[in-house]
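Peer 1: Below is the file data39.txt, which contains compact mmCIF, C-alpha atoms.
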# COMPACT_ATOMS: atom_id res chain seq x y z
CA MET A 167 -26.42 104.88 -152.65
CA SER A 168 -22.91 106.27 -153.01
CA THR A 169 -20.17 104.87 -150.83
CA ASP A 170 -17.40 106.87 -152.48
CA THR A 171 -14.41 107.55 -150.28
CA LEU A 172 -14.61 110.86 -148.46
CA SER A 173 -12.16 113.52 -149.55
CA GLU A 174 -9.43 114.29 -147.04
CA GLU A 175 -10.81 117.82 -146.73
CA THR A 176 -14.28 116.59 -145.82
CA ARG A 177 -12.97 113.94 -143.47
CA GLU A 178 -10.74 116.47 -141.73
CA LYS A 179 -13.60 118.93 -141.20
CA LEU A 180 -15.94 116.22 -139.91
CA SER A 181 -13.26 114.93 -137.55
CA THR A 182 -13.22 118.21 -135.62
CA VAL A 183 -16.76 119.68 -135.67
CA SER A 184 -19.25 118.78 -132.94
CA THR A 185 -22.34 116.66 -133.37
CA ALA A 186 -24.28 119.63 -131.97
CA THR A 187 -23.14 121.73 -134.92
CA LEU A 188 -23.89 118.93 -137.36
CA THR A 189 -27.45 118.51 -136.08
CA THR A 190 -28.00 122.24 -136.64
CA GLN A 191 -26.67 122.03 -140.17
CA MET A 192 -28.88 119.05 -140.90
CA TYR A 193 -31.90 120.85 -139.44
CA LYS A 194 -31.22 123.75 -141.83
CA ARG A 195 -31.60 121.20 -144.61
CA GLY A 196 -34.87 119.83 -143.25
CA PHE A 197 -33.49 116.78 -141.42
CA ARG A 198 -34.73 116.51 -137.83
CA ASN A 199 -33.99 112.89 -136.93
CA VAL A 200 -30.25 112.38 -137.40
CA PHE A 201 -28.89 111.97 -133.85
CA MET A 202 -28.96 108.45 -132.39
CA GLN A 203 -30.84 108.24 -129.11
CA GLY A 204 -29.52 106.16 -126.23
CA VAL A 205 -26.15 105.57 -127.91
CA GLY A 206 -23.08 106.83 -126.04
CA ARG A 207 -19.33 106.78 -126.42
CA LEU A 208 -17.56 103.91 -124.66
CA THR A 209 -14.00 104.69 -125.70
CA THR A 210 -12.67 108.04 -124.50
CA ALA A 211 -8.99 108.02 -125.48
CA HIS A 212 -9.55 109.93 -128.71
CA ASP A 213 -9.21 113.63 -129.43
CA ARG A 214 -10.86 113.45 -132.85
CA ASN A 215 -14.29 112.37 -134.01
CA MET A 216 -15.19 109.00 -135.42
CA VAL A 217 -15.85 109.52 -139.14
CA GLY A 218 -16.70 106.92 -141.77
CA PRO A 219 -19.29 105.42 -144.13
CA ALA A 220 -21.78 102.99 -142.62
CA PHE A 221 -21.57 99.22 -143.12
CA THR A 222 -24.61 97.63 -141.54
CA LEU A 223 -25.65 94.50 -139.65
CA ARG A 224 -29.21 93.85 -138.47
CA TYR A 225 -30.35 91.75 -135.53
CA ILE A 226 -33.88 90.44 -135.13
CA PRO A 227 -35.14 88.68 -131.96
CA ALA A 228 -33.43 85.35 -131.31
CA ARG A 229 -35.30 82.06 -131.67
CA GLU A 230 -34.35 79.04 -129.60
CA ASP A 231 -34.21 76.52 -132.45
CA LEU A 232 -31.91 78.74 -134.52
CA ASP A 233 -29.69 80.50 -132.01
CA ASP A 234 -27.68 78.09 -129.87
CA LEU A 235 -23.93 78.19 -129.30
CA SER A 236 -23.26 75.71 -132.12
CA VAL A 237 -23.97 78.39 -134.74
CA PHE A 238 -20.66 80.04 -133.85
CA GLN A 239 -18.86 77.03 -135.34
CA ASP A 240 -19.75 78.51 -138.72
CA TYR A 241 -17.12 81.03 -139.81
CA ASP A 242 -19.74 82.55 -142.10
CA HIS A 243 -22.16 83.29 -139.28
CA PRO A 244 -23.52 86.76 -140.21
CA GLN A 245 -22.06 88.43 -137.13
CA ARG A 246 -18.59 87.01 -137.90
CA LYS A 247 -18.99 87.73 -141.60
CA ALA A 248 -19.83 91.37 -140.88
CA ILE A 249 -16.61 91.72 -138.89
CA GLU A 250 -14.56 90.19 -141.71
CA THR A 251 -16.18 92.12 -144.57
CA CYS A 252 -16.68 95.61 -143.15
CA PRO A 253 -14.38 97.67 -145.42
CA GLU A 254 -11.39 99.54 -144.07
CA GLY A 255 -12.30 103.08 -143.00
CA HIS A 256 -15.99 102.19 -142.55
CA VAL A 257 -18.08 102.13 -139.39
CA LEU A 258 -19.84 98.88 -138.50
CA VAL A 259 -23.36 99.88 -137.43
CA MET A 260 -25.58 97.30 -135.73
CA ASP A 261 -29.35 97.44 -135.41
CA SER A 262 -29.96 95.75 -132.07
CA ARG A 263 -33.50 97.12 -131.74
CA GLY A 264 -32.41 99.20 -128.76
CA ASP A 265 -32.13 96.00 -126.70
CA ALA A 266 -29.01 95.93 -124.53
CA SER A 267 -30.04 92.92 -122.46
CA ALA A 268 -27.61 90.81 -124.52
CA ALA A 269 -24.37 91.89 -126.17
CA SER A 270 -24.08 92.96 -129.79
CA ALA A 271 -20.36 92.06 -129.79
CA GLY A 272 -17.37 91.68 -127.49
CA ASN A 273 -13.66 92.31 -127.21
CA ILE A 274 -12.44 89.60 -129.61
CA LEU A 275 -14.65 90.68 -132.49
CA ILE A 276 -13.98 94.36 -131.92
CA THR A 277 -10.24 93.69 -131.75
CA ARG A 278 -10.47 91.98 -135.14
CA LEU A 279 -12.47 94.91 -136.51
CA MET A 280 -9.86 97.32 -135.18
CA LYS A 281 -7.01 95.32 -136.74
CA ARG A 282 -8.80 95.38 -140.09
CA GLY A 283 -8.79 99.18 -140.04
CA ALA A 284 -12.46 99.95 -139.36
CA ALA A 285 -13.24 103.53 -138.41
CA GLY A 286 -15.54 102.55 -135.54
CA ILE A 287 -18.38 100.42 -134.24
CA VAL A 288 -21.88 101.55 -133.25
CA THR A 289 -24.78 99.63 -131.74
CA ASP A 290 -28.00 100.69 -130.06
CA GLY A 291 -27.58 97.58 -127.90
CA GLY A 292 -24.80 96.71 -125.49
CA LEU A 293 -21.21 95.53 -125.70
CA ARG A 294 -19.66 92.87 -123.49
CA ASP A 295 -16.08 93.19 -122.16
CA SER A 296 -16.77 96.91 -122.10
CA TYR A 297 -14.02 97.70 -119.58
CA GLN A 298 -11.49 96.34 -122.10
CA ILE A 299 -13.06 97.91 -125.17
CA ALA A 300 -13.05 101.28 -123.42
CA GLU A 301 -9.25 101.26 -123.74
CA TYR A 302 -9.15 100.25 -127.42
CA ASP A 303 -7.92 102.42 -130.25
CA ILE A 304 -11.23 102.24 -132.13
CA PRO A 305 -14.18 104.54 -131.43
CA SER A 306 -16.96 102.40 -129.94
CA TYR A 307 -20.54 103.42 -129.16
CA HIS A 308 -23.25 101.47 -127.36
CA SER A 309 -26.14 101.79 -124.92
CA HIS A 310 -24.58 100.24 -121.83
CA PRO A 311 -22.47 97.19 -120.83
CA SER A 312 -24.10 93.82 -121.46
CA PRO A 313 -22.24 90.58 -120.57
CA PRO A 314 -24.75 87.97 -121.93
CA THR A 315 -23.91 86.55 -125.36
CA ASN A 316 -25.85 87.98 -128.28
CA LEU A 317 -27.51 84.63 -129.06
CA ILE A 318 -29.71 84.95 -125.98
CA LYS A 319 -31.63 87.83 -127.53
CA HIS A 320 -30.27 88.56 -131.03
CA HIS A 321 -30.38 86.69 -134.34
CA ALA A 322 -27.97 88.16 -136.90
CA VAL A 323 -29.65 88.51 -140.29
CA GLU A 324 -27.70 86.90 -143.12
CA THR A 325 -28.07 89.76 -145.61
CA LEU A 326 -25.50 92.41 -144.74
CA ASN A 327 -25.23 96.09 -145.59
CA GLU A 328 -28.89 96.92 -146.07
CA PRO A 329 -30.87 99.84 -144.56
CA ILE A 330 -31.31 99.52 -140.80
CA ALA A 331 -32.41 101.52 -137.78
CA CYS A 332 -29.97 102.42 -135.01
CA GLY A 333 -30.86 104.60 -132.05
CA GLY A 334 -34.12 105.52 -133.77
CA VAL A 335 -32.37 106.83 -136.89
CA ALA A 336 -32.47 105.37 -140.41
CA VAL A 337 -29.01 104.30 -141.55
CA TYR A 338 -28.39 103.48 -145.20
CA PRO A 339 -25.17 101.82 -146.38
CA GLY A 340 -22.66 104.53 -147.20
CA ASP A 341 -24.25 107.18 -144.98
CA ILE A 342 -21.55 109.10 -143.15
CA LEU A 343 -21.42 108.59 -139.40
CA VAL A 344 -19.79 111.18 -137.19
CA GLY A 345 -19.35 110.49 -133.49
CA ASP A 346 -18.00 112.66 -130.68
CA LEU A 347 -18.31 112.46 -126.89
CA ASP A 348 -21.98 113.48 -127.12
CA GLY A 349 -22.99 110.71 -129.53
CA VAL A 350 -23.46 109.85 -133.20
CA VAL A 351 -24.95 111.77 -136.13
CA VAL A 352 -25.95 110.22 -139.48
CA ILE A 353 -25.42 112.28 -142.65
CA PRO A 354 -26.60 111.12 -146.09
CA ARG A 355 -23.48 110.70 -148.24
CA HIS A 356 -24.59 113.20 -150.89
CA LEU A 357 -24.77 115.94 -148.24
CA ALA A 358 -21.52 115.19 -146.42
CA ASP A 359 -19.24 117.58 -148.33
CA GLU A 360 -21.45 120.65 -148.02
CA VAL A 361 -22.43 119.89 -144.44
CA ALA A 362 -18.78 119.53 -143.46
CA LYS A 363 -17.90 122.85 -145.07
CA ASP A 364 -20.80 124.76 -143.51
CA ALA A 365 -20.31 123.12 -140.11
CA ALA A 366 -16.67 124.20 -140.03
CA GLU A 367 -17.71 127.78 -140.86
CA GLN A 368 -20.42 127.70 -138.19
CA GLU A 369 -17.92 126.65 -135.54
CA ILE A 370 -15.52 129.45 -136.44
CA HIS A 371 -18.37 131.93 -136.11
CA GLU A 372 -19.46 130.42 -132.80
CA GLU A 373 -15.87 130.62 -131.55
CA PHE A 374 -16.15 134.40 -131.99
CA ILE A 375 -19.60 134.56 -130.37
CA TYR A 376 -18.34 132.56 -127.40
CA SER A 377 -15.44 134.97 -126.95
CA GLU A 378 -17.89 137.89 -127.00
CA VAL A 379 -20.21 136.34 -124.41
CA ALA A 380 -17.29 135.19 -122.27
CA GLY A 381 -16.05 138.78 -122.37
CA GLY A 382 -19.30 140.07 -120.93
CA LYS A 383 -21.40 140.88 -124.00
CA PRO A 384 -25.18 140.32 -123.58
CA LEU A 385 -27.06 137.92 -125.83
CA ARG A 386 -29.05 140.78 -127.39
CA GLY A 387 -27.07 141.95 -130.38
CA THR A 388 -24.53 139.15 -130.01
CA TYR A 389 -26.41 135.89 -130.38
CA PRO A 390 -27.73 136.24 -133.02
CA PRO A 391 -25.36 139.04 -134.08
CA ASP A 392 -26.58 142.47 -135.06
CA GLU A 393 -24.76 144.63 -137.62
CA ALA A 394 -22.23 145.89 -135.07
CA ALA A 395 -21.40 142.35 -134.00
CA LYS A 396 -21.09 141.27 -137.64
CA ALA A 397 -18.60 144.07 -138.20
CA ARG A 398 -16.58 142.97 -135.15
CA TYR A 399 -16.66 139.42 -136.46
CA ALA A 400 -15.31 140.52 -139.84
CA GLU A 401 -12.37 142.22 -138.13
CA TRP A 402 -11.84 139.25 -135.81
CA ARG A 403 -11.87 136.88 -138.76
CA LYS A 404 -9.27 138.92 -140.63
CA LYS A 405 -6.92 138.70 -137.67
CA ARG A 406 -7.66 135.02 -137.13
CA ASP A 407 -6.97 134.11 -140.75
CA GLY A 408 -3.85 136.25 -140.86
Let me see the file written as structure tokens.
Peer 2:
Amino acid sequence: MSTDTLSEETREKLSTVSTATLTTQMYKRGFRNVFMQGVGRLTTAHDRNMVGPAFTLRYIPAREDLDDLSVFQDYDHPQRKAIETCPEGHVLVMDSRGDASAASAGNILITRLMKRGAAGIVTDGGLRDSYQIAEYDIPSYHSHPSPPTNLIKHHAVETLNEPIACGGVAVYPGDILVGDLDGVVVIPRHLADEVAKDAAEQEIHEEFIYSEVAGGKPLRGTYPPDEAAKARYAEWRKKRDG
């Protein structure tokens, strides 16, 4: 699975297009299940999308003889190790089985991840210290706030960066995650460049359609466009592109 660095062009396009547009582009390619369910944006002080390759951590249900507070004395505990090894520019994605009754992480770990240059953090569980994390300069996505420590419900699996599920979507290491205020989309790495290009074109076209509808045009003939609307779009595009 390729984890090659995204080109600046692709990253720039993905940083501005909506997840709604991306789900449409993925559907055109036969992918129906790419939008994480029950995963929402916690941090709001960002005007651009979260974009980055996935680095994964998986939680299974905790077991009392293995998950007591003493395990956090080990600097190589898988949760800690994931924070310290997630590459710069990547998104740490955590499979918490959709269980937000205990936290997947908290403010100290996410601060460390932010300082290491991660592109974001995503869990289908909860985050503790959410009121603090909401102000951080790292895109963060979760289900809902969850103060209890992860050890109450979650056992971090030692093997990192393997295929996981998050929000009901398969996530493979190196998949490209794009998150906006609506949520998070997963794009297989080999499709990211073409999806980014086509999504950017789709949004330009929809900008024109929106202006038509906002100006009083009916849906018939406009959305989808008939030949007359296509001709108006061609003229509009010429003016837009200078």
Peer 1: Compare A:Phe201, A:Ser306, A:His243, A:Ala362 by their minimum atom-to-atom distance to A:Glu174, counting all atoms listed in the file, and give me the closest one.
Peer 2: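 Between A:Phe201, A:Ser306, A:His243, A:Ala362, the residue approaching A:Glu174 most closely is A:Ala362.
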Peer 1: Rank A:Val323, A:Ile287, A:Val379, A:Ile304 by their smallest atom-to-atom distance to A:Asp233, using only C-alpha atoms, and report the top residue only.
Peer 2: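 Once distances to A:Asp233 are computed over only C-alpha atoms, the minimum belongs to A:Val323.
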Peer 1: Which of these residues is nearest to A:Ile330, using only C-alpha atoms: A:Ala397, A:Ala220, A:Ile318, A:Ile274?
Peer 2: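 Smallest separation from A:Ile330 among the options: A:Ala220.
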Peer 1: Would you kindly return, as JSON, numbers by chain, each protein, DNA or RNA residue with an atom no farther than 7 Å from any atom of stretch 353-359 of chain A, considering all atoms listed in the file and excluding same-chain residues fewer than 3 positions away?
Peer 2: {"A": [168, 176, 340, 341, 342, 343, 362, 363]}
Peer 1: For A:Gly334, please output as a list of chain:residue names all residues within 9 Å (counting only C-alpha atoms; exclusion window: fewer than 3 positions along the same chain).
Peer 2: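 The residues satisfying every condition are A:Asn199, A:Val200, A:Phe201, A:Met202, A:Gln203, A:Gly204, A:Arg263, A:Gly264, A:Asp290, A:Ala331.
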Peer 1: What does the distance from atom CA of A:Pro219 to atom CA of A:His256 come to in Å, to one decimal?
Peer 2: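 Distance between the two atoms: 4.9 Å.
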